[in-house]
file start.cif (mmCIF, C-alpha atoms)
data_data
#
loop_
_atom_site.label_atom_id
_atom_site.label_comp_id
_atom_site.auth_asym_id
_atom_site.auth_seq_id
_atom_site.Cartn_x
_atom_site.Cartn_y
_atom_site.Cartn_z
CA MET A 1 -21.35 13.18 18.56
CA ARG A 2 -20.94 16.94 18.59
CA LEU A 3 -17.58 18.60 18.08
CA GLY A 4 -16.37 22.02 17.04
CA ALA A 5 -16.65 22.48 13.28
CA ASN A 6 -12.90 22.45 12.91
CA LEU A 7 -10.60 20.24 10.85
CA VAL A 8 -8.49 19.48 13.94
CA HIS A 9 -11.31 17.25 15.24
CA LEU A 10 -11.35 15.05 12.15
CA PRO A 11 -9.05 12.34 13.53
CA ILE A 12 -11.57 11.74 16.33
CA VAL A 13 -14.44 11.19 13.91
CA ARG A 14 -12.27 9.00 11.71
CA ALA A 15 -11.17 6.89 14.65
CA VAL A 16 -14.79 6.37 15.72
CA ALA A 17 -15.73 5.39 12.16
CA VAL A 18 -12.91 2.84 11.97
CA ASN A 19 -13.78 1.42 15.34
CA ILE A 20 -17.45 0.98 14.49
CA ALA A 21 -16.66 -0.66 11.14
CA MET A 22 -14.08 -3.00 12.67
CA ARG A 23 -16.48 -4.12 15.39
CA ALA A 24 -19.20 -4.67 12.79
CA ASP A 25 -16.63 -6.97 11.12
CA PHE A 26 -16.72 -5.12 7.83
CA ASP A 27 -13.89 -6.18 5.54
CA VAL A 28 -10.69 -4.14 5.53
CA ASP A 29 -11.62 -2.38 2.27
CA ALA A 30 -14.98 -1.28 3.65
CA ILE A 31 -13.40 -0.14 6.93
CA SER A 32 -11.00 2.11 5.06
CA ASP A 33 -13.66 3.32 2.62
CA LEU A 34 -15.87 4.35 5.52
CA GLU A 35 -12.99 6.21 7.13
CA LEU A 36 -12.10 8.04 3.90
CA ALA A 37 -15.76 8.90 3.26
CA VAL A 38 -16.25 10.28 6.77
CA ASP A 39 -13.11 12.35 6.29
CA GLU A 40 -14.30 13.68 2.94
CA ALA A 41 -17.86 14.49 4.07
CA CYS A 42 -16.76 16.24 7.26
CA SER A 43 -13.97 18.20 5.58
CA SER A 44 -16.20 19.46 2.83
CA LEU A 45 -18.87 20.65 5.27
CA ILE A 46 -16.43 22.13 7.79
CA THR A 47 -15.02 24.45 5.12
CA HIS A 48 -18.53 25.92 4.69
CA ALA A 49 -19.39 26.07 8.37
CA VAL A 50 -19.91 29.30 10.29
CA SER A 51 -16.86 29.78 12.46
CA GLY A 52 -17.30 28.63 16.04
CA SER A 53 -20.26 26.44 15.11
CA VAL A 54 -20.82 22.78 15.82
CA LEU A 55 -20.08 19.72 13.70
CA SER A 56 -22.70 17.14 14.45
CA CYS A 57 -22.02 13.53 13.44
CA ARG A 58 -24.33 10.58 13.82
CA PHE A 59 -23.50 6.95 13.19
CA THR A 60 -26.47 4.61 12.88
CA ILE A 61 -25.44 0.99 13.01
CA GLY A 62 -27.72 -1.47 11.27
CA ALA A 63 -27.39 -5.22 10.90
CA ASP A 64 -25.60 -4.93 7.59
CA ASP A 65 -24.91 -1.27 7.13
CA ILE A 66 -23.56 1.82 8.83
CA MET A 67 -25.25 5.14 8.17
CA PHE A 68 -23.38 8.36 8.74
CA THR A 69 -24.99 11.79 8.92
CA VAL A 70 -22.99 14.97 9.33
CA THR A 71 -24.44 18.42 9.78
CA VAL A 72 -22.97 21.91 10.02
CA THR A 73 -24.39 25.39 10.26
CA SER A 74 -23.55 27.42 7.19
CA ALA A 75 -24.24 30.92 5.96
CA GLU A 76 -24.94 29.53 2.51
CA ASP A 77 -27.77 27.22 1.65
CA ALA A 78 -25.78 25.50 -1.09
CA THR A 79 -25.41 21.77 -0.80
CA PRO A 80 -22.22 20.21 -2.15
CA SER A 81 -22.38 20.00 -5.92
CA ARG A 82 -22.91 16.53 -7.35
CA SER A 83 -20.35 17.00 -10.09
CA THR A 84 -17.28 17.85 -8.05
CA PHE A 85 -14.38 15.52 -7.47
CA GLY A 86 -15.27 15.38 -3.77
CA TRP A 87 -18.74 14.09 -4.59
CA ARG A 88 -17.29 11.46 -6.90
CA VAL A 89 -15.03 10.38 -4.04
CA LEU A 90 -18.03 10.10 -1.70
CA SER A 91 -20.19 8.24 -4.17
CA THR A 92 -17.39 5.80 -5.01
CA LEU A 93 -16.63 5.08 -1.36
CA THR A 94 -20.21 4.67 -0.14
CA ASP A 95 -23.37 2.97 -1.32
CA ASP A 96 -25.82 5.82 -1.12
CA VAL A 97 -25.01 9.45 -0.56
CA THR A 98 -27.30 12.46 -0.38
CA SER A 99 -27.07 16.01 0.82
CA TRP A 100 -29.62 18.62 1.65
CA ALA A 101 -29.94 21.99 3.32
CA GLU A 102 -32.67 23.64 5.37
CA GLN A 103 -33.05 27.08 6.77
CA SER A 104 -32.53 27.42 10.49
CA GLU A 105 -32.69 30.50 12.68
CA ASP A 106 -31.65 33.92 11.31
CA ARG A 107 -30.16 33.55 7.88
CA LEU A 108 -28.29 30.40 8.69
CA HIS A 109 -28.72 26.99 7.15
CA GLN A 110 -28.25 23.46 8.34
CA VAL A 111 -26.34 21.59 5.66
CA HIS A 112 -26.28 17.80 5.81
CA ILE A 113 -24.47 14.97 4.08
CA GLU A 114 -25.69 11.46 4.69
CA PHE A 115 -24.44 8.18 3.35
CA VAL A 116 -24.74 4.47 3.91
CA LYS A 117 -21.91 1.95 3.79
CA ARG A 118 -23.23 -1.58 3.37
CA ARG A 119 -21.46 -4.74 4.34
CA PRO A 120 -20.14 -6.17 1.09
CA VAL A 121 -22.31 -9.17 0.16
CA THR A 122 -19.30 -11.37 -0.54
CA ALA A 123 -18.00 -10.98 3.02
CA ARG A 124 -20.68 -13.09 4.67
CA MET B 1 17.48 -2.84 -12.03
CA ARG B 2 18.42 -6.25 -10.75
CA GLN B 3 20.80 -6.61 -13.66
CA ALA B 4 22.37 -3.25 -12.94
CA ALA B 5 22.92 -4.26 -9.32
CA THR B 6 24.61 -7.48 -10.37
CA SER B 7 27.00 -5.81 -12.76
CA GLN B 8 27.76 -3.25 -10.07
CA GLN B 9 28.56 -6.08 -7.70
CA ARG B 10 30.78 -7.74 -10.25
CA HIS B 11 32.54 -4.50 -10.91
CA SER B 12 32.95 -3.90 -7.20
CA SER B 13 34.33 -7.32 -6.45
CA HIS B 14 37.43 -6.45 -8.46
CA GLU B 15 37.66 -3.17 -6.67
CA TYR B 16 37.74 -5.04 -3.36
CA ASP B 17 39.95 -7.97 -4.39
CA HIS B 18 42.94 -6.74 -2.38
CA LEU B 19 40.84 -6.82 0.80
CA VAL B 20 39.82 -10.45 0.61
CA PRO B 21 43.01 -11.91 2.19
CA LEU B 22 42.45 -9.64 5.20
CA PHE B 23 39.49 -11.76 6.24
CA ASP B 24 41.69 -14.82 6.64
CA GLU B 25 44.16 -12.70 8.53
CA LEU B 26 41.39 -11.43 10.80
CA ALA B 27 40.06 -14.93 11.37
CA ALA B 28 43.53 -16.15 12.29
CA LEU B 29 43.99 -13.52 15.01
CA SER B 30 42.78 -14.29 18.49
CA ASP B 31 40.01 -12.13 19.96
CA ASP B 32 42.33 -10.14 22.22
CA ASP B 33 45.10 -9.55 19.70
CA PRO B 34 45.69 -5.76 19.34
CA ALA B 35 46.40 -6.25 15.62
CA ARG B 36 42.78 -7.29 15.22
CA GLU B 37 41.50 -3.72 15.54
CA THR B 38 43.87 -2.54 12.76
CA VAL B 39 42.82 -5.25 10.31
CA ARG B 40 39.15 -4.73 11.12
CA GLU B 41 39.52 -1.02 10.53
CA GLN B 42 41.26 -1.62 7.21
CA LEU B 43 38.38 -3.83 6.14
CA VAL B 44 35.67 -1.39 7.18
CA THR B 45 37.45 1.52 5.51
CA GLY B 46 38.12 -0.54 2.40
CA TYR B 47 34.49 -1.57 1.98
CA LEU B 48 33.12 1.86 2.83
CA PRO B 49 32.28 2.61 -0.83
CA LEU B 50 29.90 -0.34 -0.69
CA ALA B 51 28.04 1.16 2.28
CA GLU B 52 27.93 4.51 0.54
CA HIS B 53 26.64 2.93 -2.63
CA ILE B 54 23.81 1.20 -0.78
CA ALA B 55 22.98 4.35 1.21
CA HIS B 56 22.78 6.20 -2.07
CA ARG B 57 20.20 3.76 -3.39
CA PHE B 58 17.90 4.67 -0.52
CA ALA B 59 18.45 8.42 -0.81
CA GLY B 60 15.64 10.84 -1.49
CA ARG B 61 13.10 9.19 0.78
CA GLY B 62 13.09 11.78 3.50
CA THR B 63 16.09 10.63 5.51
CA PRO B 64 19.25 12.77 5.31
CA LYS B 65 22.01 11.17 3.26
CA GLU B 66 24.54 11.33 6.13
CA ASP B 67 22.18 9.36 8.36
CA LEU B 68 21.82 6.72 5.71
CA VAL B 69 25.58 6.41 5.24
CA GLN B 70 25.96 6.12 8.99
CA VAL B 71 23.31 3.41 9.24
CA ALA B 72 24.81 1.56 6.26
CA THR B 73 28.24 1.77 7.88
CA VAL B 74 26.86 0.20 11.05
CA GLY B 75 25.55 -2.59 8.86
CA LEU B 76 28.94 -2.93 7.21
CA ILE B 77 30.73 -3.19 10.57
CA ASN B 78 28.28 -5.91 11.62
CA ALA B 79 28.94 -7.73 8.38
CA VAL B 80 32.72 -7.54 8.84
CA ASP B 81 32.40 -8.85 12.40
CA ARG B 82 30.04 -11.69 11.57
CA PHE B 83 31.45 -12.84 8.25
CA GLU B 84 33.08 -16.28 8.40
CA PRO B 85 35.40 -16.83 5.43
CA SER B 86 35.61 -20.53 6.32
CA LYS B 87 31.94 -20.94 5.34
CA GLY B 88 32.95 -20.49 1.73
CA SER B 89 30.77 -17.64 0.50
CA ASP B 90 32.37 -14.38 -0.54
CA PHE B 91 32.08 -11.30 1.61
CA LEU B 92 30.12 -9.17 -0.86
CA SER B 93 27.23 -11.61 -1.17
CA TYR B 94 27.10 -11.69 2.63
CA ALA B 95 27.55 -7.95 3.18
CA VAL B 96 25.10 -6.55 0.63
CA PRO B 97 21.95 -8.06 2.21
CA THR B 98 23.28 -7.33 5.72
CA VAL B 99 23.84 -3.66 4.97
CA MET B 100 20.55 -3.33 3.11
CA GLY B 101 18.76 -5.00 5.98
CA GLU B 102 20.23 -2.47 8.38
CA VAL B 103 19.09 0.45 6.21
CA ARG B 104 15.60 -1.01 5.87
CA ARG B 105 15.32 -1.54 9.61
CA HIS B 106 16.25 2.07 10.06
CA PHE B 107 13.44 3.15 7.73
CA ARG B 108 10.96 0.84 9.40
CA ASP B 109 11.77 2.20 12.83
CA ALA B 110 12.05 5.82 11.74
CA SER B 111 8.90 5.73 9.64
CA TRP B 112 6.39 5.73 12.42
CA ALA B 113 4.93 9.20 12.71
CA MET B 114 4.58 8.90 16.46
CA ARG B 115 6.12 6.65 19.04
CA VAL B 116 4.46 3.31 18.65
CA PRO B 117 5.54 0.46 20.89
CA ARG B 118 7.44 -2.25 19.06
CA ARG B 119 4.74 -4.81 19.89
CA LEU B 120 2.15 -2.70 18.05
CA LYS B 121 4.40 -2.20 15.04
CA GLU B 122 4.90 -5.92 14.78
CA LEU B 123 1.22 -6.55 15.34
CA HIS B 124 0.44 -4.13 12.56
CA LEU B 125 2.89 -5.76 10.18
CA SER B 126 1.57 -9.24 10.89
CA VAL B 127 -2.07 -8.14 10.53
CA SER B 128 -1.18 -6.41 7.28
CA GLY B 129 0.67 -9.47 5.99
CA ALA B 130 -2.18 -11.82 6.97
CA SER B 131 -4.63 -9.51 5.26
CA THR B 132 -2.63 -9.69 2.02
CA ARG B 133 -2.40 -13.49 2.15
CA LEU B 134 -6.09 -13.90 2.94
CA ALA B 135 -7.07 -11.52 0.15
CA GLN B 136 -5.19 -13.72 -2.30
CA GLU B 137 -6.82 -16.85 -0.92
CA LEU B 138 -10.36 -15.49 -0.75
CA GLY B 139 -10.26 -13.24 -3.78
CA ARG B 140 -11.66 -10.39 -1.70
CA ALA B 141 -10.73 -8.28 1.30
CA PRO B 142 -10.82 -10.22 4.60
CA THR B 143 -12.65 -9.08 7.73
CA PRO B 144 -11.00 -8.58 11.13
CA ALA B 145 -12.58 -11.84 12.36
CA GLU B 146 -11.02 -13.75 9.47
CA ILE B 147 -7.62 -12.18 10.13
CA ALA B 148 -7.92 -13.09 13.83
CA THR B 149 -8.71 -16.72 13.00
CA HIS B 150 -5.90 -16.87 10.48
CA LEU B 151 -3.32 -15.54 12.93
CA GLY B 152 -4.75 -17.30 15.98
CA ILE B 153 -5.06 -14.04 17.92
CA SER B 154 -8.03 -12.21 19.39
CA LYS B 155 -10.16 -9.76 17.43
CA GLU B 156 -9.15 -7.03 19.88
CA GLU B 157 -5.53 -7.60 18.88
CA VAL B 158 -6.45 -7.36 15.21
CA PHE B 159 -8.23 -4.07 15.95
CA GLU B 160 -5.08 -2.80 17.66
CA GLY B 161 -2.97 -3.86 14.72
CA LEU B 162 -5.27 -2.18 12.23
CA GLU B 163 -5.43 1.02 14.25
CA ALA B 164 -1.67 1.14 14.74
CA GLY B 165 -1.40 1.52 10.99
CA GLN B 166 -2.86 5.00 11.27
CA ALA B 167 0.29 6.13 13.03
CA TYR B 168 2.41 4.74 10.26
CA HIS B 169 4.04 7.36 8.16
CA ALA B 170 2.66 7.07 4.67
CA SER B 171 5.96 7.91 3.03
CA SER B 172 7.65 4.95 4.62
CA LEU B 173 9.19 2.10 2.74
CA ASP B 174 6.33 -0.37 3.06
CA GLU B 175 7.26 -1.67 -0.33
CA SER B 176 10.72 -2.74 0.70
CA LEU B 177 9.40 -4.43 3.84
CA GLY B 178 7.26 -6.89 1.96
CA GLY B 179 8.76 -9.51 -0.31
CA ASP B 180 12.37 -9.27 -1.32
CA GLY B 181 12.31 -5.48 -1.52
CA GLU B 182 14.55 -5.66 -4.53
CA GLY B 183 13.65 -5.02 -8.09
CA MET B 184 11.98 -2.15 -9.79
CA PRO B 185 10.88 0.89 -7.82
CA LEU B 186 7.10 0.97 -7.93
CA GLY B 187 6.99 4.27 -9.73
CA GLU B 188 8.80 2.75 -12.66
CA ALA B 189 6.46 -0.19 -12.79
CA ILE B 190 3.51 2.09 -13.37
CA GLY B 191 2.94 3.70 -16.71
CA GLU B 192 1.59 7.16 -17.36
CA GLN B 193 -2.13 7.26 -17.07
CA ASP B 194 -5.00 9.64 -17.55
CA SER B 195 -6.27 10.94 -14.28
CA GLY B 196 -9.75 10.30 -15.63
CA MET B 197 -11.08 13.46 -14.08
CA GLU B 198 -12.48 15.02 -17.25
CA GLY B 199 -16.13 15.79 -16.81
CA VAL B 200 -15.67 16.70 -13.18
CA GLU B 201 -16.92 20.23 -12.50
CA ASN B 202 -13.75 21.47 -10.85
CA HIS B 203 -11.40 19.52 -13.05
CA GLU B 204 -9.56 22.65 -14.17
CA ALA B 205 -8.42 23.30 -10.62
CA LEU B 206 -7.92 19.62 -10.03
CA GLU B 207 -5.83 18.69 -13.06
CA PRO B 208 -2.68 20.60 -12.07
CA LEU B 209 -2.93 19.20 -8.52
CA ILE B 210 -3.20 15.69 -9.86
CA ARG B 211 -0.33 16.23 -12.25
CA GLU B 212 1.86 17.27 -9.31
CA LEU B 213 1.15 14.06 -7.43
CA PRO B 214 3.80 11.36 -7.38
CA GLN B 215 3.04 8.98 -10.20
CA ARG B 216 2.03 6.13 -7.95
CA GLU B 217 -0.46 8.26 -5.99
CA ARG B 218 -1.95 9.54 -9.24
CA HIS B 219 -2.32 6.00 -10.48
CA ILE B 220 -3.96 4.82 -7.27
CA ILE B 221 -6.42 7.73 -7.26
CA ALA B 222 -7.41 6.93 -10.85
CA LEU B 223 -7.82 3.22 -10.11
CA ARG B 224 -10.03 3.89 -7.09
CA PHE B 225 -12.16 6.82 -8.23
CA TYR B 226 -12.28 6.38 -11.98
CA TYR B 227 -11.92 2.67 -12.57
CA ASN B 228 -13.68 1.89 -9.29
CA LEU B 229 -11.31 -0.88 -8.23
CA THR B 230 -11.35 -1.88 -4.56
CA GLN B 231 -8.32 -1.13 -2.39
CA THR B 232 -7.48 -4.82 -2.33
CA GLN B 233 -7.54 -4.99 -6.13
CA ILE B 234 -5.35 -1.89 -6.32
CA ALA B 235 -2.94 -3.34 -3.76
CA GLU B 236 -2.54 -6.48 -5.83
CA ARG B 237 -2.05 -4.54 -9.04
CA VAL B 238 0.46 -2.06 -7.62
CA GLY B 239 2.28 -4.59 -5.46
CA ILE B 240 1.83 -2.98 -2.03
CA SER B 241 -0.39 -3.86 0.93
CA GLN B 242 -4.04 -2.81 1.13
CA MET B 243 -3.18 -0.82 4.25
CA HIS B 244 -0.54 1.06 2.35
CA VAL B 245 -3.09 1.81 -0.39
CA SER B 246 -5.45 3.05 2.31
CA ARG B 247 -2.81 5.40 3.75
CA LEU B 248 -1.81 6.70 0.35
CA LEU B 249 -5.44 7.39 -0.59
CA SER B 250 -6.05 9.15 2.70
CA ARG B 251 -2.99 11.33 2.37
CA THR B 252 -3.58 12.10 -1.30
CA LEU B 253 -7.25 13.02 -0.83
CA ALA B 254 -6.26 15.38 2.00
CA ARG B 255 -3.62 16.93 -0.22
CA LEU B 256 -6.08 17.43 -3.08
CA ARG B 257 -8.66 18.97 -0.75
CA GLU B 258 -6.09 21.40 0.60
CA GLY B 259 -4.94 22.27 -2.89
CA LEU B 260 -8.49 22.91 -4.08
CA LEU B 261 -9.16 25.18 -1.13
CA ASP B 262 -5.99 27.20 -1.44
CA PRO B 263 -3.96 26.73 -4.61
CA GLU B 264 -1.09 28.76 -3.11
CA ALA B 265 -0.64 26.38 -0.21
CA GLU B 266 0.09 23.50 -2.53
CA ASP B 267 3.60 24.75 -3.27
CA GLU B 268 4.49 24.68 0.40
CA GLU B 269 3.39 21.09 0.78
CA PRO B 270 6.56 19.12 1.41
CA ALA B 271 7.03 16.66 -1.40
CA SER B 272 7.28 13.68 0.89
#

call {"tool": "encode", "arguments": {"input": "start.cif", "output": "structure tokens"}}
result
Amino acid sequence: MRLGANLVHLPIVRAVAVNIAMRADFDVDAISDLELAVDEACSSLITHAVSGSVLSCRFTIGADDIMFTVTVTSAEDATPSRSTFGWRVLSTLTDDVTSWAEQSEDRLHQVHIEFVKRRPVTAR
Amino acid sequence: MRQAATSQQRHSSHEYDHLVPLFDELAALSDDDPARETVREQLVTGYLPLAEHIAHRFAGRGTPKEDLVQVATVGLINAVDRFEPSKGSDFLSYAVPTVMGEVRRHFRDASWAMRVPRRLKELHLSVSGASTRLAQELGRAPTPAEIATHLGISKEEVFEGLEAGQAYHASSLDESLGGDGEGMPLGEAIGEQDSGMEGVENHEALEPLIRELPQRERHIIALRFYYNLTQTQIAERVGISQMHVSRLLSRTLARLREGLLDPEAEDEEPAS
């Protein structure tokens, strides 16, 4: 899904995340963790996005996991630092989180965060 | 806390001794007797300090004091009207829970951030309650399908109930809705604790923000992101529902993010 890279759109992304996790019958902890992680990842990228650019979110639903990828266009090529509080939040809430950046047109960069939330093994 | 309330009650019962005979007088009057209104008014006025005392206990949670006194007074009037002295119990032990119930209902109804139909509120509360019970039974967080089976409702209804929680104001009195609602305020039950954020790159900016958090929020953040407990484990430890933990985490993370972006803005954040 593609939305404006603006914090006002966050509730939409969160609602989609919750809905997907509920329908995948993830447990209530995992549903909330996914929602919080989506919130955190999107917020942190939106603050670095070029104004008026697009926030692109992709949910990939597997049999026992949900993958989320979010991308913004940024003037900087810096990926979120791995030692910030925000990164600790993301890595606690999800099972596998990475980020990377690549140069796009002009001097702009595509910055991505991607994580996987697995169905807790105890739940099934 | 409980002890303090009891001694207060004992103290108050002397204060109200002179009113007790009025109940028999009121009961003896027929429904259309004009004297009834006078006696009733004397009773309500006489017990007003009780309503004020209870309103005071709920102060500082975002509802203006006058509103609370008004709501508590409504509860008191109901208690005066419904109390039956012939049943043997004394008025105070009847009135205190009645008035407190009225105040709690007010919080429950006023705490929804947007208009949510009553059916959805109740659905949310029953899904949340079932989730807590199942978590205790299973020793882990339940899934929507398990909640649906437990409650005998459809999964779609569980989804609705879960989603309705997002409209629930996080500063509401969840904690007095569950259980007896009496006893120690949660903040007091939780000791001081390290935030556990040392070693985080931006911890110098973060520490003051974390220190400013209400104690319970600080504790929950530490339990989730430092001790790596699940929300269900935190809920059990802190004595609130998992959904309340979820809302508190969401609100607190947003507040920390805002504070890290713009330290000046933090002061303007209403301390809800």

call {"tool": "resolve_selection", "arguments": {"input": "start.cif", "expression": "the PyMOL selection byres ((chain A and resi 101) around 8)", "output": "PyMOL selection string"}}
result
chain A and resi 77-79+99-100+102-103+109-112

call {"tool": "atom_distance", "arguments": {"input": "start.cif", "atom1": "atom CA of A:Ala30", "atom2": "atom CA of A:Arg119"}}
result
7.4 Å

call {"tool": "residues_around", "arguments": {"input": "start.cif", "residues": "stretch 20-23 of chain A", "least_positions_apart": "3", "cutoff": "10 Å", "atoms": "all atoms listed in the file", "output": "list in words"}}
result
Arg14, Ala15, Val16, Ala17, Phe26, Asp27, Val28, Ala30, Ile31, Ser32, Asp33, Leu34, Glu35, Phe59, Thr60, Ile61, Asp65, Ile66, Lys117 and Arg119 of chain A; Thr143, Pro144, Ala145, Lys155, Glu156, Val158, Phe159, Leu162 and Glu163 of chain B

call {"tool": "closest_atom_pairs", "arguments": {"input": "start.cif", "of": "chain B", "to": "chain A", "cutoff": "8 Å", "atoms": "only C-alpha atoms", "output": "CSV"}}
result
residue,atom,partner,partner_atom,distance
B:Arg140,CA,A:Thr122,CA,7.8
B:Ala141,CA,A:Asp27,CA,5.7
B:Pro142,CA,A:Asp27,CA,5.2
B:Thr143,CA,A:Asp27,CA,3.8
B:Pro144,CA,A:Asp25,CA,5.9
B:Ala145,CA,A:Asp25,CA,6.5
B:Phe159,CA,A:Met22,CA,6.8
B:Met197,CA,A:Phe85,CA,7.7
B:Val200,CA,A:Thr84,CA,5.5
B:Glu201,CA,A:Thr84,CA,5.1
B:Asn202,CA,A:Thr84,CA,5.8
B:His203,CA,A:Phe85,CA,7.5
B:Arg224,CA,A:Thr92,CA,7.9
B:Phe225,CA,A:Val89,CA,6.2
B:Asn228,CA,A:Thr92,CA,6.9
B:Thr230,CA,A:Asp29,CA,6.9
B:Gln231,CA,A:Asp29,CA,5.8
B:Thr232,CA,A:Asp29,CA,6.7
B:Gln242,CA,A:Asp29,CA,7.7
B:Ser246,CA,A:Ser32,CA,6.3
B:Ser250,CA,A:Leu36,CA,6.3

call {"tool": "residues_around", "arguments": {"input": "start.cif", "residues": "A:Arg107", "least_positions_apart": "5", "cutoff": "12 Å", "atoms": "only C-alpha atoms", "output": "count of residues only"}}
result
7

call {"tool": "atom_distance", "arguments": {"input": "start.cif", "atom1": "atom CA of B:Thr45", "atom2": "atom CA of B:Ile77"}}
result
9.6 Å

call {"tool": "resolve_selection", "arguments": {"input": "start.cif", "expression": "the PyMOL selection byres ((chain A and resi 51) around 12)", "output": "PyMOL selection string"}}
result
chain A and resi 4-7+45-50+52-55+72-75

call {"tool": "residues_around", "arguments": {"input": "start.cif", "residues": "B:Arg40", "least_positions_apart": "5", "cutoff": "9 Å", "atoms": "all atoms listed in the file", "output": "MDAnalysis selection string"}}
result
chainID B and resid 22:23 26 35 45 77 80:81

call {"tool": "atom_distance", "arguments": {"input": "start.cif", "atom1": "atom CA of B:Gly152", "atom2": "atom CA of B:Ser128"}}
result
14.4 Å

call {"tool": "residues_around", "arguments": {"input": "start.cif", "residues": "A:Val97", "least_positions_apart": "6", "cutoff": "7 Å", "atoms": "all atoms listed in the file", "output": "PDB file with C-alpha atoms, in the coordinates of the input"}}
result
ATOM      1  CA  SER A  91     -20.190   8.240  -4.170  1.00  0.00           C
ATOM      2  CA  GLU A 114     -25.690  11.460   4.690  1.00  0.00           C
ATOM      3  CA  PHE A 115     -24.440   8.180   3.350  1.00  0.00           C
ATOM      4  CA  VAL A 116     -24.740   4.470   3.910  1.00  0.00           C
TER       5      VAL A 116
END

call {"tool": "residues_around", "arguments": {"input": "start.cif", "residues": "B:Ile210", "least_positions_apart": "3", "cutoff": "9 Å", "atoms": "all atoms listed in the file", "output": "MDAnalysis selection string"}}
result
chainID B and resid 195 206:207 213:214 217:218 221 256

call {"tool": "resolve_selection", "arguments": {"input": "start.cif", "expression": "the PyMOL selection byres ((chain B and resi 103) around 8)", "output": "CSV table (one decimal) with C-alpha atoms, in the coordinates of the input"}}
result
chain,number,residue,atom,x,y,z
B,55,ALA,CA,23.0,4.4,1.2
B,68,LEU,CA,21.8,6.7,5.7
B,71,VAL,CA,23.3,3.4,9.2
B,72,ALA,CA,24.8,1.6,6.3
B,75,GLY,CA,25.6,-2.6,8.9
B,99,VAL,CA,23.8,-3.7,5.0
B,100,MET,CA,20.6,-3.3,3.1
B,101,GLY,CA,18.8,-5.0,6.0
B,102,GLU,CA,20.2,-2.5,8.4
B,104,ARG,CA,15.6,-1.0,5.9
B,105,ARG,CA,15.3,-1.5,9.6
B,106,HIS,CA,16.2,2.1,10.1
B,107,PHE,CA,13.4,3.2,7.7

call {"tool": "closest_residue", "arguments": {"input": "start.cif", "among": "B:Thr252, B:Thr38, B:Asn78, B:Thr149", "to": "B:Ser131", "atoms": "all atoms listed in the file"}}
result
B:Thr149

call {"tool": "closest_residue", "arguments": {"input": "start.cif", "among": "B:His244, B:Arg118, B:Arg211, B:Arg133", "to": "B:Gly165", "atoms": "all atoms listed in the file"}}
result
B:His244
